[in-house]
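**Q** Sharing a structure below in structure tokens format, with a few things to ask.
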Amino acid sequence: MIIPLVFRIGLEGISIFKKQSKLVEMDSKAYHSYLKQYYKYRKVINYIITPICFAIYVYGLSLLFPFFKKEFSQGFYTYLLFSGVISLLIIAAIIIRGILKENTFYKEILRDS
């Protein structure tokens, strides 16, 4: 469960670092062209890698619930079940919001060309 999260966080960090380092190296026109390529790459991350990582995390969490049911009281298990589902929904909403924000920015870049 932790591996997809660490992978996704690492990928995000590398992506941000590359984008910022290119800003220093390029002039405005070249950077604008680079941003187009960057956001195409981000689409791959957002629409392929992120859903896979999220699905692996959900699958891992679902594998833990039978152990939780066996080890914890019924009340605490119910709490874990509801809080887990609510947390996953909130995380999914945050991810979707971020993807929509990036898509809006990408469309603005394409429109300005």
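If you're wondering about the labels, chains in the structure tokens are A, B, ... by order shown, residues count from 1 in each chain, ligands from 1 in order shown.
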Find the spatial neighbours of Val6 (chain A), counting only C-alpha atoms, within a cut-off of 12 Å - ignore same-chain residues fewer than 3 positions away - and output them as a list in words.

**A**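 Once the adjacent positions are removed, what remains is Met1, Ile2, Ile3, Ile9, Gly10, Leu11, Glu12, Gly13, Thr50, Cys53, Phe54 and Tyr57 of chain A.
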
**Q** Fewer than 5 positions away in the same chain doesn't count, so skip those; otherwise give me all residues within 12 Å of region 36-46 of chain A, counting only C-alpha atoms, as a ChimeraX atom specification.

**A** /A:7-12,14-20,22-23,29-31,51-54,92,95-113

**Q** Just checking: using only C-alpha atoms, which residue out of A:Met26, A:Ser33, A:Tyr47, A:Ala55 ends up closest to Leu88 (chain A)?

**A** A:Ala55

**Q** Quick one: residues within 10 Å of Phe68 (chain A), only C-alpha atoms, excluding same-chain residues fewer than 3 positions away - as a PyMOL selection string?

**A** chain A and resi 63-65+71-74+76-78+80-81

**Q** Take the selection from the previous step and output its residues with N, CA and C atoms, as an mmCIF file, in the first residue's frame.

**A**
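This went into selection27.cif:
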```cif
data_model
loop_
_atom_site.group_PDB
_atom_site.id
_atom_site.type_symbol
_atom_site.label_atom_id
_atom_site.label_comp_id
_atom_site.auth_asym_id
_atom_site.auth_seq_id
_atom_site.Cartn_x
_atom_site.Cartn_y
_atom_site.Cartn_z
ATOM 1 N N LEU A 63 -7.751 -5.303 1.475
ATOM 2 C CA LEU A 63 -7.167 -6.539 2.006
ATOM 3 C C LEU A 63 -6.965 -6.475 3.517
ATOM 4 N N LEU A 64 -6.814 -5.269 4.041
ATOM 5 C CA LEU A 64 -6.610 -5.118 5.487
ATOM 6 C C LEU A 64 -7.900 -5.238 6.291
ATOM 7 N N PHE A 65 -9.037 -4.916 5.688
ATOM 8 C CA PHE A 65 -10.283 -4.887 6.445
ATOM 9 C C PHE A 65 -10.666 -6.221 7.089
ATOM 10 N N GLU A 71 -9.428 -8.429 14.479
ATOM 11 C CA GLU A 71 -8.609 -7.951 15.595
ATOM 12 C C GLU A 71 -9.259 -6.877 16.459
ATOM 13 N N PHE A 72 -10.161 -6.085 15.893
ATOM 14 C CA PHE A 72 -10.739 -4.960 16.623
ATOM 15 C C PHE A 72 -12.195 -5.232 16.971
ATOM 16 N N SER A 73 -12.699 -4.435 17.896
ATOM 17 C CA SER A 73 -14.112 -4.558 18.272
ATOM 18 C C SER A 73 -14.997 -4.144 17.100
ATOM 19 N N GLN A 74 -16.265 -4.556 17.150
ATOM 20 C CA GLN A 74 -17.191 -4.243 16.077
ATOM 21 C C GLN A 74 -17.353 -2.737 15.887
ATOM 22 N N PHE A 76 -15.164 -0.288 16.678
ATOM 23 C CA PHE A 76 -13.967 0.313 16.110
ATOM 24 C C PHE A 76 -13.800 -0.086 14.643
ATOM 25 N N TYR A 77 -14.165 -1.327 14.315
ATOM 26 C CA TYR A 77 -14.105 -1.771 12.920
ATOM 27 C C TYR A 77 -15.052 -0.941 12.050
ATOM 28 N N THR A 78 -16.249 -0.691 12.562
ATOM 29 C CA THR A 78 -17.214 0.131 11.826
ATOM 30 C C THR A 78 -16.660 1.538 11.634
ATOM 31 N N LEU A 80 -13.464 2.358 11.480
ATOM 32 C CA LEU A 80 -12.401 2.266 10.472
ATOM 33 C C LEU A 80 -12.984 2.146 9.065
ATOM 34 N N LEU A 81 -14.040 1.380 8.942
ATOM 35 C CA LEU A 81 -14.669 1.195 7.640
ATOM 36 C C LEU A 81 -15.230 2.516 7.102
#
```
